[in-house]
Each structure stands twice: as structure tokens, then as C-alpha cells.
Amino acid sequence: MATATPSELHPVGAFVPLPFRVAERRQDTGDTWTLTLEPEESGFAVEPGQFAMVHVFGVGEVPISVSGPPERPGDPIVLTVRAVGAVSGAICASELGALLGLRGPCGNSWPIAEATAGDVVVVAGGIGLAPLRPVVLHTLAQRDSYGAVSVLYGARTPADLLYTDQLEEWRSTIAVDVTVDAAEPPWKGKVGVVPKLVATAEFRPEAVTAFVCGPEVMMHFTVQALRERGVPDERIMLSLERDMRCGIGLCGHCQLGPTLVCRDGPVYSQADVGALLGVREL
Amino acid sequence: MPQQLDEVLAQIPFFDGMAEDEIALIAGCGRNVHFDEGATIFRQGDAADDFYVIRHGTVAVGNFVPPRGELVIETLEAGDLLGWSWLFPPYRTHFDARALSPVRATQFDGKCLRDKCAADPALGFDLMSRFAQVLIERLQWTRLRLFDLYGNGHSV
Ligand SMILES: Cc1cc2nc3c(=O)[nH]c(=O)nc-3n(C[C@H](O)[C@H](O)[C@H](O)COP(=O)(O)OP(=O)(O)OC[C@H]3O[C@@H](n4cnc5c(N)ncnc54)[C@H](O)[C@@H]3O)c2cc1C
């Protein structure tokens, strides 16, 4: 019986951080930056939804979703990072030309090919829009392959909204509905939680695939709202951003019941993980 | 041919499954209204004689909070219900409601409905159950915001 060698199981990019240089740097909000990273030597291709283990030399390594996926290994990789602690803060503080190490691609991807011909609803909360941006870009590039496409996006305040210029651009081709938890003048948009937008979003429940990412409580309420519209659990896809270490299914840090989020996820259907998400000890 | 009000109401989720004769009774207290963008629908402290079912557009519910200005607590959309102060004394509104876009709604005379509910407890129970469901839903959405899900200390 032919068995895979260790290097086939885990290609070198998954073990060894490859050097990438910060080629562009943009501040999105008070605490979030989008970096374009160019591979020094070889890079790697990434499917929408996959993530990279991003290494800041001398500080540490954290998982970050790819918000602008390279199609070919030599292409730049775009990451959107919120500075919440030591490593994410150091990534955000990286100056132009700084060197970061990336391992990847890690994890599975959003099943966008399976959603072809149907409707698509993307529901994002906060930085959760970053891993979903590739789904939106894909549906825009392949607009004719999908039915109704909507993006429902919620953030804390108007100042915390990501990709505001792109949201406007997307609006010309797909439905984009934005809401914030709290707002002061001159905000003229919606105020309220993002799961509430599901009730009025345009899609056919029997033909839609939902792609959801955000804080777990937000995902829980979004799932309830999608179920109320009649969307089956098998077509509600969630990205779980659980704390993880190795990123390649070896250390067990991100274990969620029978599954390792870094290896089998981060993308799961509600049918697969719904029962596990409510368990306190997991 | 324009639709009768009871036909319009039958399509609104709030009235889902309500008996036709009850819808007809309620329609007797309602009329269709329109608000231009920016128009005030009601102000805090006004007599709360009415409530609305929004059929099109967005309504901001909020208050003027000096010195910050007009703060919006939440926005309501097509299918949402606006106004519940007509249910209980002193029948005064607690917040301001303003049209953020052109709004079409059905306005119901709360006093007329209160009288009908008092005369017909079955109708009253049905209507109160529906209102309670709306209130619980609003409370849940508000509680969700109290978590401050996207606040500091959370990466997503
Ligand atoms: C698959 C995956 C994809 C991710 N994609 C992105 C992304 O695209 N952009 C982005 O900004 N972040 C993303 N994250 C979260 C990111 O990995 C964490 O913010 C980071 O690990 C925090 O490390 P730190 O050293 O900066 O902060 P720490 O000092 O480790 O933590 C600071 C604070 O963040 C909280 N925190 C740490 N890790 C997580 C986590 N995984 N989920 C929720 N809260 C956490 C801690 O509880 C603490 O309150 C992703 C996580 C996973 C698992």
C-alpha cells in the first residue's frame, strides 16, 4: 500500500516560515491594518477561506486569514489584521519593507464552487469580513455563475467598518447591507445587530449558501436567523477562529471535540459543528 | 386596482396566520401613510395614539442627547413594527422616530384598537402575543449589543 511521506503530508511551506516583505500598508480603522506581502523567494497559492501562520521574528506566530488570496505561488498575499495583542500588534506595526515569515496555506476553504448557480449570502461581523472578502471577490469575478449575492456586514461603530471604499464599489454589482451596533451623527445608515439583516436579505432559502464569520455569539444568532428563513444547516458555512498553535494538526491546541480546527477547518457547516459550538468545555 | 388594506396586512409577517376576520377588524383602525426622507414620524413625549407597520424604507428610532446630538438606538425596516407606547398608560412616546429614506407604512389608531381588544379578548390576546414576540426580539437584539462583541479583547 502506497503511503504518503512526511514531506508529502506536510509540504515545506507548512513547517518553515517563508520570508515575505511588506510591500503595501494601509490603516483601515483605529486598530486594523491591511498589509500586502510579497514573497522573497517562492510564495504559495491560497484558496478563499484558508489562513497563514504569520511569524513576527522575535515576537511570535499567529493564524491570520488571507483577505486577498494569491492565485499563483509568486503572487502577493493580502492580510487584514486587528491589533489585539503582542503578535497581531507587531504585524500591524510592521513598516514597509519589513520581513515577516508565513507558513501555509493552512486549513480548508469556503465551498464557493459548490454554491455555483445558487444564491450567496455573506454574513460578516467585525474583522470577520477579512476571511470572507475572497468569497465576495470570487462572486464578483464570476458574477454570472451565481444568482442573488448579498453581503450583510456589521461592525461596532461606523469608524470600525473595514474596506469602506470597496463596499461602495461592490454595491454596484451585488447587494451590500451594512449595520453598526452604535453610531453618532453624521451616520445615516442602519443601527442594529447584523443577524437582524438576514430577515430582509434577498435570497432563495432553498437555493442559497450562507458564508458566515464573526464572533461566535454573532454566528449563533445569524444561524438562528438563517434557519428561520428556512436555510438548511448543511448550507450554512461558518469559519471558526479558535485559538491555535501549530496550524497543521499536530499539537491539538485547537481541538473542538472530534475535530482539529486548523486541519479540518476553519470552515465547517452548521450541520457539522452546530452541536459542538454550544458546549462550554470545548 | 389598489389593494384593500386587509389584503396588504395579510402579506405582512406580523399578521402571519391571523384569522381573516381579525385582520379585517384591525384594518378598520389602519390607514396607509407616507413620510418623506428626513420627516419626523413622532417625537419623544408626544401622545402615543398610533403605531406603524413599515412597508418600505428605513426609520431611525433615537433621542436627542445634548451635546452629542441625535443618537440612533436602532433602525427599523420593511416588515418591522414601530411604536408600542400606545399599549400602556400614560400613552406617551419614549423616543423620536424619523424617516431615513422615503417611508411607506400603515398607521394604526391605537385607541381604536385598544377598544376593540377590550371588547374582544380573543383578538386582544392574539394581538398582545404578537406584540410580546416583537418586544422579546427587540430585547434580544439589544442584549446582543450589550455584549459589545467587537470590542477590545476580541479579535473577531
Ligand atoms: C483561523 C484563524 C484565522 C484568523 N484570521 C484573522 C484575521 O484575518 N485577522 C485578525 O486580525 N485576526 C485573525 N485571527 C485571530 C488572530 O489569530 C488573533 O487575534 C491572534 O492570535 C492574537 O494573538 P496576539 O498575540 O496578538 O494576542 P494575544 O495576546 O494572544 O491575545 C490578545 C487578545 O485576543 C484574544 N484572542 C487571541 N486569539 C484569539 C482568537 N483566535 N479568537 C478570538 N480572540 C482571540 C485573547 O483572548 C486576548 O483577549 C484568526 C484566528 C484564527 C484561528
# chains A, B, ... in the order shown; residues from 1 in each chain; ligands from 1
$ interface_residues --of "chain A" --to "chain B" --cutoff "9 Å" --atoms "only C-alpha atoms" --output "PyMOL selection string"
chain A and resi 81-85+125-128+155-156+181-185+188-193+195-196+200+213-218+221+241
$ residues_around --residues "region 12-16 of chain B" --least-positions-apart "6" --cutoff "8 Å" --atoms "only C-alpha atoms" --output "PDB file with C-alpha atoms, in the first residue's frame"
ATOM      1  CA  ILE B  23     -57.272  41.206  10.107  1.00  0.00           C
ATOM      2  CA  GLY B  79     -41.888  44.405   7.979  1.00  0.00           C
ATOM      3  CA  ASP B  80     -40.905  45.952  11.327  1.00  0.00           C
ATOM      4  CA  LEU B  81     -43.308  47.417  13.803  1.00  0.00           C
ATOM      5  CA  ARG B 130     -47.723  39.182  18.603  1.00  0.00           C
TER       6      ARG B 130
END
$ residues_near_ligand --ligand "ligand 1" --cutoff "9 Å" --atoms "only C-alpha atoms and all ligand atoms" --output "PyMOL selection string"
(chain A and resi 32-33+49-54+59-67+79-91+106-107+127-131+215+239-245+247+254+261-262+265-267) or (chain B and resi 152-156)
$ residues_around --residues "Thr93 (chain B)" --least-positions-apart "3" --cutoff "10 Å" --atoms "only C-alpha atoms" --output "list in words"
Phe42, Arg43, Gln44, Gly45, Asp46, Ala47, Ala48, Asp49, Asp50, Gly83, Trp84, Ser85, Trp86, Pro90, Asp96 and Ala97 of chain B
$ select_by_dssp --residues "chain B" --states "strand (DSSP E or B)" --output "JSON, numbers by chain"
{"B": [30, 31, 32, 33, 34, 35, 40, 41, 42, 47, 50, 51, 52, 53, 54, 55, 56, 59, 60, 61, 62, 63, 64, 65, 69, 70, 71, 72, 73, 74, 75, 76, 81, 82, 92, 96, 97, 98, 99, 103, 104, 105, 106, 107, 108, 109]}
$ atom_distance --atom1 "CA of Ser94 (chain A)" --atom2 "CA of Ile77 (chain A)"
15.0 Å
$ residues_around --residues "Thr259 (chain A)" --least-positions-apart "4" --cutoff "10 Å" --atoms "only C-alpha atoms" --output "JSON, numbers by chain"
{"A": [249, 252, 254, 255, 263, 264, 265, 272, 273, 276]}
$ select_by_dssp --residues "region 71-152 of chain A" --states "helix (DSSP H, G or I)" --output "list in words"
Ala86, Val87, Ser88, Gly89, Ala90, Ile91, Cys92, Ala93, Gly126, Ile127, Gly128, Leu129, Ala130, Pro131, Leu132, Arg133, Pro134, Val135, Val136, Leu137, His138, Thr139, Leu140, Ala141, Arg143, Asp144 and Ser145 of chain A
$ write_last_selection --atoms "N, CA, C and O atoms" --output "short mmCIF file (atom, residue, chain, number, x, y, z; two decimals), in the first residue's frame"
data_model
loop_
_atom_site.label_atom_id
_atom_site.label_comp_id
_atom_site.auth_asym_id
_atom_site.auth_seq_id
_atom_site.Cartn_x
_atom_site.Cartn_y
_atom_site.Cartn_z
N ALA A 86 0.18 41.02 21.47
CA ALA A 86 1.59 41.18 21.13
C ALA A 86 1.87 40.90 19.66
O ALA A 86 2.46 41.74 18.95
N VAL A 87 1.43 39.74 19.18
CA VAL A 87 1.83 39.36 17.82
C VAL A 87 1.02 40.14 16.76
O VAL A 87 1.60 40.71 15.83
N SER A 88 -0.28 40.17 16.95
CA SER A 88 -1.09 40.91 15.96
C SER A 88 -0.68 42.39 15.96
O SER A 88 -0.63 43.03 14.91
N GLY A 89 -0.34 42.91 17.14
CA GLY A 89 0.13 44.31 17.22
C GLY A 89 1.42 44.50 16.45
O GLY A 89 1.59 45.50 15.73
N ALA A 90 2.33 43.52 16.57
CA ALA A 90 3.62 43.62 15.87
C ALA A 90 3.43 43.50 14.36
O ALA A 90 4.13 44.17 13.58
N ILE A 91 2.47 42.67 13.93
CA ILE A 91 2.21 42.55 12.48
C ILE A 91 1.73 43.91 11.96
O ILE A 91 2.21 44.42 10.94
N CYS A 92 0.78 44.49 12.70
CA CYS A 92 0.22 45.78 12.27
C CYS A 92 1.28 46.88 12.26
O CYS A 92 1.20 47.81 11.46
N ALA A 93 2.25 46.77 13.16
CA ALA A 93 3.28 47.82 13.25
C ALA A 93 4.40 47.62 12.24
O ALA A 93 5.29 48.47 12.13
N GLY A 126 -17.47 42.38 12.24
CA GLY A 126 -16.15 42.87 12.62
C GLY A 126 -15.08 42.45 11.63
O GLY A 126 -15.29 42.49 10.41
N ILE A 127 -13.94 41.99 12.18
CA ILE A 127 -12.81 41.57 11.34
C ILE A 127 -13.17 40.31 10.54
O ILE A 127 -12.46 39.91 9.61
N GLY A 128 -14.33 39.68 10.87
CA GLY A 128 -14.82 38.52 10.12
C GLY A 128 -15.01 38.78 8.65
O GLY A 128 -15.12 37.84 7.85
N LEU A 129 -15.04 40.04 8.24
CA LEU A 129 -15.16 40.33 6.81
C LEU A 129 -13.86 39.97 6.08
O LEU A 129 -13.89 39.68 4.88
N ALA A 130 -12.72 39.97 6.81
CA ALA A 130 -11.43 39.70 6.15
C ALA A 130 -11.41 38.31 5.49
O ALA A 130 -11.13 38.20 4.30
N PRO A 131 -11.72 37.23 6.23
CA PRO A 131 -11.70 35.92 5.58
C PRO A 131 -12.81 35.73 4.55
O PRO A 131 -12.74 34.82 3.73
N LEU A 132 -13.83 36.61 4.59
CA LEU A 132 -14.93 36.48 3.64
C LEU A 132 -14.71 37.32 2.38
O LEU A 132 -15.39 37.13 1.37
N ARG A 133 -13.76 38.26 2.46
CA ARG A 133 -13.51 39.12 1.29
C ARG A 133 -13.21 38.30 0.03
O ARG A 133 -13.73 38.61 -1.04
N PRO A 134 -12.39 37.21 0.13
CA PRO A 134 -12.14 36.41 -1.07
C PRO A 134 -13.41 35.80 -1.67
O PRO A 134 -13.49 35.62 -2.88
N VAL A 135 -14.39 35.48 -0.82
CA VAL A 135 -15.66 34.94 -1.34
C VAL A 135 -16.36 36.01 -2.16
O VAL A 135 -16.85 35.78 -3.27
N VAL A 136 -16.37 37.23 -1.61
CA VAL A 136 -17.03 38.34 -2.32
C VAL A 136 -16.31 38.59 -3.64
O VAL A 136 -16.95 38.71 -4.71
N LEU A 137 -14.97 38.65 -3.60
CA LEU A 137 -14.21 38.92 -4.83
C LEU A 137 -14.46 37.84 -5.86
O LEU A 137 -14.60 38.12 -7.05
N HIS A 138 -14.57 36.59 -5.40
CA HIS A 138 -14.83 35.48 -6.31
C HIS A 138 -16.20 35.65 -6.99
O HIS A 138 -16.33 35.48 -8.20
N THR A 139 -17.23 35.96 -6.19
CA THR A 139 -18.57 36.09 -6.79
C THR A 139 -18.63 37.28 -7.74
O THR A 139 -19.36 37.26 -8.72
N LEU A 140 -17.84 38.33 -7.43
CA LEU A 140 -17.82 39.49 -8.34
C LEU A 140 -17.15 39.10 -9.66
O LEU A 140 -17.61 39.47 -10.74
N ALA A 141 -16.04 38.34 -9.56
CA ALA A 141 -15.29 37.94 -10.76
C ALA A 141 -16.12 36.96 -11.60
O ALA A 141 -15.99 36.93 -12.82
N ARG A 143 -19.56 36.73 -11.66
CA ARG A 143 -20.92 37.18 -11.33
C ARG A 143 -22.00 36.33 -11.99
O ARG A 143 -23.04 36.06 -11.40
N ASP A 144 -21.75 35.91 -13.25
CA ASP A 144 -22.80 35.18 -13.98
C ASP A 144 -23.02 33.77 -13.44
O ASP A 144 -24.02 33.13 -13.77
N SER A 145 -22.08 33.29 -12.65
CA SER A 145 -22.20 31.91 -12.15
C SER A 145 -23.09 31.82 -10.91
O SER A 145 -23.34 30.72 -10.41
#
$ atom_distance --atom1 "CA of Trp110 (chain A)" --atom2 "CA of Ala45 (chain A)"
14.8 Å
$ residues_around --residues "Ile26 (chain B)" --least-positions-apart "4" --cutoff "7 Å" --atoms "only C-alpha atoms" --output "number ranges by chain"
B: 22, 30, 113
$ write_last_selection --atoms "N, CA, C and O atoms" --output "PDB file, in the first residue's frame"
ATOM      1  N   GLU B  22     -60.208  38.833  11.921  1.00  0.00           N
ATOM      2  CA  GLU B  22     -59.415  39.665  12.836  1.00  0.00           C
ATOM      3  C   GLU B  22     -58.621  40.706  12.051  1.00  0.00           C
ATOM      4  O   GLU B  22     -58.534  41.878  12.436  1.00  0.00           O
ATOM      5  N   GLY B  30     -56.750  51.085  10.575  1.00  0.00           N
ATOM      6  CA  GLY B  30     -55.493  51.477   9.927  1.00  0.00           C
ATOM      7  C   GLY B  30     -55.682  52.310   8.674  1.00  0.00           C
ATOM      8  O   GLY B  30     -56.765  52.355   8.095  1.00  0.00           O
ATOM      9  N   LEU B 113     -57.871  50.443  18.469  1.00  0.00           N
ATOM     10  CA  LEU B 113     -57.509  49.036  18.663  1.00  0.00           C
ATOM     11  C   LEU B 113     -57.680  48.613  20.108  1.00  0.00           C
ATOM     12  O   LEU B 113     -58.128  47.501  20.390  1.00  0.00           O
TER      13      LEU B 113
END
